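The structure appears below as structure tokens.
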Amino acid sequence: MLCCSFLILITLGALALKLPFSTYEPISWIQSAFTATSAVTVTGLDVVDTGSVFTPFGQGVIALLIQLGNKVGFIQKTVTKAAFNQTDTSTLVNTAKSVLLFALIVESISVVILTLYWLPEMGLQKSFFHALFYTISAFNNAGFALSPNSLMQYVEDPVVNLTITGLFIIGGLGFTVLMDLYKSKRWAKLSPYSKLMLISTVIINVIALLLIYVIEYDNPKTLQPLSEIGKWLAAWFQAVTPRTAGFNTIAIEELKNASTALTIMLMFIGGGSLSTASGIKVVTFIVLILATYSYLRRDKGVTVLRREIDKESVYKALALTIISAGVTWLAIFTLLVVEDAPFLDIAFEAVSALGTVGLSRGLTSSLSPLGEFIIMFLMFMGRIGPLTIAYFLASPRTKKLRYPSAQLSIG
């Protein structure tokens, strides 16, 4: 059902983007389908420049696809229900309404801030449209921009930097955490998941910020030419964008190899469960670390925040990570076969597509038709995969018999 919903949206979106009044110049069917897929899967990779190729109508279609792509599917409702531990349909509906209302409030505040900020430069109509488009794209972690260089012209602008990063951090936390914060209002009353998610997000963002700042500090093509405040703003933006949105304020292809490797890792980790971000999810990553730590300490169970994590959650985390890593490796290998491009660029592109991030080292626009189809599949798989796998793993199967245990030599 979820797959069909996305496929229908992508098909309708591709048809709408192919209309003569959607673009200033004709685009191919595969370019239209690629853009629609990227929008519906809230990725942000594009084979044509959104701002110069698409008319305001076409840009509006993309914004609508981003909004709809994040809120469809019966299975997603089922997973949401499980995530909130709710069995009553009316309670689930009320929660969904609260989530939508919260999203509307956050997006409205952002639109007002950005409209007022861009008003002197662009005028009312253009500033409002830009504010609305970037708000939708950022809050839904899509990464679509109306400029070919994303947000690089605002690299030292605190208003744009903090507003946009605030949007995709909130969107990347996940509705479970947001609703828990709204209902609990006190740290002590938050669920263990929400606490773990918030603590992990802060730690990962701070570590990434410091690493990007130190690594890129003397890079003349990224941070070096900026003021001290500009360096911190650019490092902050680059630290938080890989796990969620896919905007950039510095040239991604000019990052040092160490920063590129860090970005790939952050894209693979992703954001929170039931958020607008993808990846294996932050808590999945933390659970694996905690499980490894517990094994090294010879603990009998995995504990965090004075709670023991059940074995099924550990198995799910391991399964999701292995599946994601396997699909990533297969995608990189396939792209290396069909594309004549450096390994690092292809690996970056594949992880970005599967993680529905949208960052690129400039490879997207030069992909062959086959390469574009592979990236489209990865974006679709990245959006569908984690939810589908989680739904499948959430259905336990009762074994009718048990076999004798066996010890295997590991490592």
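Labels used: A, B, ... for chains in the order of the structure tokens, numbers from 1 for residues in each chain, and numbers from 1 for ligands as shown.
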
Report as JSON lines: every residue of segment 212-307 of chain A with an atom at most 9 Å from segment 192-208 of chain A, its closest pair of atoms, and their distance in Å to one decimal, counting only C-alpha atoms, with rows sorted by chain and ascending residue number.
```
{"residue": "A:Ile212", "atom": "CA", "partner": "A:Ala208", "partner_atom": "CA", "distance": 6.0}
{"residue": "A:Tyr213", "atom": "CA", "partner": "A:Ala208", "partner_atom": "CA", "distance": 8.4}
{"residue": "A:Ala235", "atom": "CA", "partner": "A:Ala208", "partner_atom": "CA", "distance": 8.4}
{"residue": "A:Trp236", "atom": "CA", "partner": "A:Asn205", "partner_atom": "CA", "distance": 8.0}
{"residue": "A:Gln238", "atom": "CA", "partner": "A:Ala208", "partner_atom": "CA", "distance": 8.4}
{"residue": "A:Ala239", "atom": "CA", "partner": "A:Ala208", "partner_atom": "CA", "distance": 5.0}
{"residue": "A:Val240", "atom": "CA", "partner": "A:Asn205", "partner_atom": "CA", "distance": 6.0}
{"residue": "A:Leu262", "atom": "CA", "partner": "A:Ala208", "partner_atom": "CA", "distance": 7.8}
{"residue": "A:Thr263", "atom": "CA", "partner": "A:Ala208", "partner_atom": "CA", "distance": 8.8}
{"residue": "A:Leu266", "atom": "CA", "partner": "A:Ala208", "partner_atom": "CA", "distance": 8.5}
{"residue": "A:Gly271", "atom": "CA", "partner": "A:Thr201", "partner_atom": "CA", "distance": 8.3}
{"residue": "A:Gly272", "atom": "CA", "partner": "A:Met197", "partner_atom": "CA", "distance": 7.1}
{"residue": "A:Val282", "atom": "CA", "partner": "A:Met197", "partner_atom": "CA", "distance": 6.9}
{"residue": "A:Val283", "atom": "CA", "partner": "A:Met197", "partner_atom": "CA", "distance": 6.2}
{"residue": "A:Ile286", "atom": "CA", "partner": "A:Ser200", "partner_atom": "CA", "distance": 7.5}
{"residue": "A:Val304", "atom": "CA", "partner": "A:Leu196", "partner_atom": "CA", "distance": 8.2}
{"residue": "A:Leu305", "atom": "CA", "partner": "A:Pro192", "partner_atom": "CA", "distance": 6.9}
{"residue": "A:Arg306", "atom": "CA", "partner": "A:Pro192", "partner_atom": "CA", "distance": 8.9}
{"residue": "A:Arg307", "atom": "CA", "partner": "A:Pro192", "partner_atom": "CA", "distance": 7.6}
```

*Find the residues around Ala14 of chain A up to 9 Å (only C-alpha atoms counted), leave out those fewer than 2 positions away in its own chain, and share them as a PyMOL selection string.*
chain A and resi 9-12+16-19+29-37

_List the spatial neighbours of segment 136-138 of chain A as a list in words - criterion: any atom at most 7 Å away, only C-alpha atoms, same-chain residues fewer than 5 positions off excluded._
Ala63, Ile66, Gln67, Gly143, Phe144, Ile164, Leu167, Phe168 and Ala245 of chain A

Got time to write the residues from that selection, C-alpha atoms, as an mmCIF file, in the first residue's frame?
```
data_model
loop_
_atom_site.group_PDB
_atom_site.id
_atom_site.type_symbol
_atom_site.label_atom_id
_atom_site.label_comp_id
_atom_site.auth_asym_id
_atom_site.auth_seq_id
_atom_site.Cartn_x
_atom_site.Cartn_y
_atom_site.Cartn_z
ATOM 1 C CA ALA A 63 6.778 21.824 -2.984
ATOM 2 C CA ILE A 66 7.452 17.216 -0.868
ATOM 3 C CA GLN A 67 4.553 17.881 1.517
ATOM 4 C CA GLY A 143 16.964 19.905 0.354
ATOM 5 C CA PHE A 144 15.465 21.403 -2.824
ATOM 6 C CA ILE A 164 16.884 26.671 8.075
ATOM 7 C CA LEU A 167 13.657 23.606 10.666
ATOM 8 C CA PHE A 168 15.441 20.466 9.584
ATOM 9 C CA ALA A 245 18.058 18.079 4.775
#
```

Write out as CSV a residue-level contact list of segment 124-181 of chain A versus segment 359-370 of chain A with cut-off 12 Å: for each qualifying residue the closest pair of atoms and the distance in Å to one decimal, counting only C-alpha atoms, rows sorted by chain and residue number upward.
```
residue,atom,partner,partner_atom,distance
A:Asn141,CA,A:Leu359,CA,11.4
A:Ala142,CA,A:Leu359,CA,10.1
A:Gly143,CA,A:Leu359,CA,7.8
A:Phe144,CA,A:Leu359,CA,9.9
A:Ala145,CA,A:Leu359,CA,11.4
A:Pro148,CA,A:Gly362,CA,10.8
A:Asn149,CA,A:Gly362,CA,10.5
A:Ser150,CA,A:Leu359,CA,9.9
```

*asked:* Considering only C-alpha atoms, can you say which of A:Thr55, A:Thr115, A:Ser294, A:Ser191 comes closest to Val159 of chain A?
replied: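 So, comparing all the options, the nearest one is A:Thr115.
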
*asked:* Set the distance at 9 Å and use only C-alpha atoms: which residues neighbour Leu132 of chain A once local chain neighbours fewer than 5 positions away are removed? I'd like the list as number ranges by chain.
replied: A: 63, 107-108, 110-112, 114-115, 127, 137

*Using only C-alpha atoms, which of A:Met122, A:Leu146, A:Ile264, A:Ala341 sits nearest Asp49 of chain A?*
A:Leu146

*Within 12 Å of Ser278 of chain A using only C-alpha atoms, minus same-chain residues under 5 positions, as JSON, numbers by chain*: {"A": [41, 42, 43, 70, 140, 141, 142, 171, 172, 173, 174, 242, 243, 244, 245, 246, 266, 267, 268, 269, 270, 271, 272, 273, 284, 320, 324, 351, 352, 353, 354, 355, 356, 357, 358, 378, 379, 380, 381, 382, 383, 384, 385, 386, 387]}
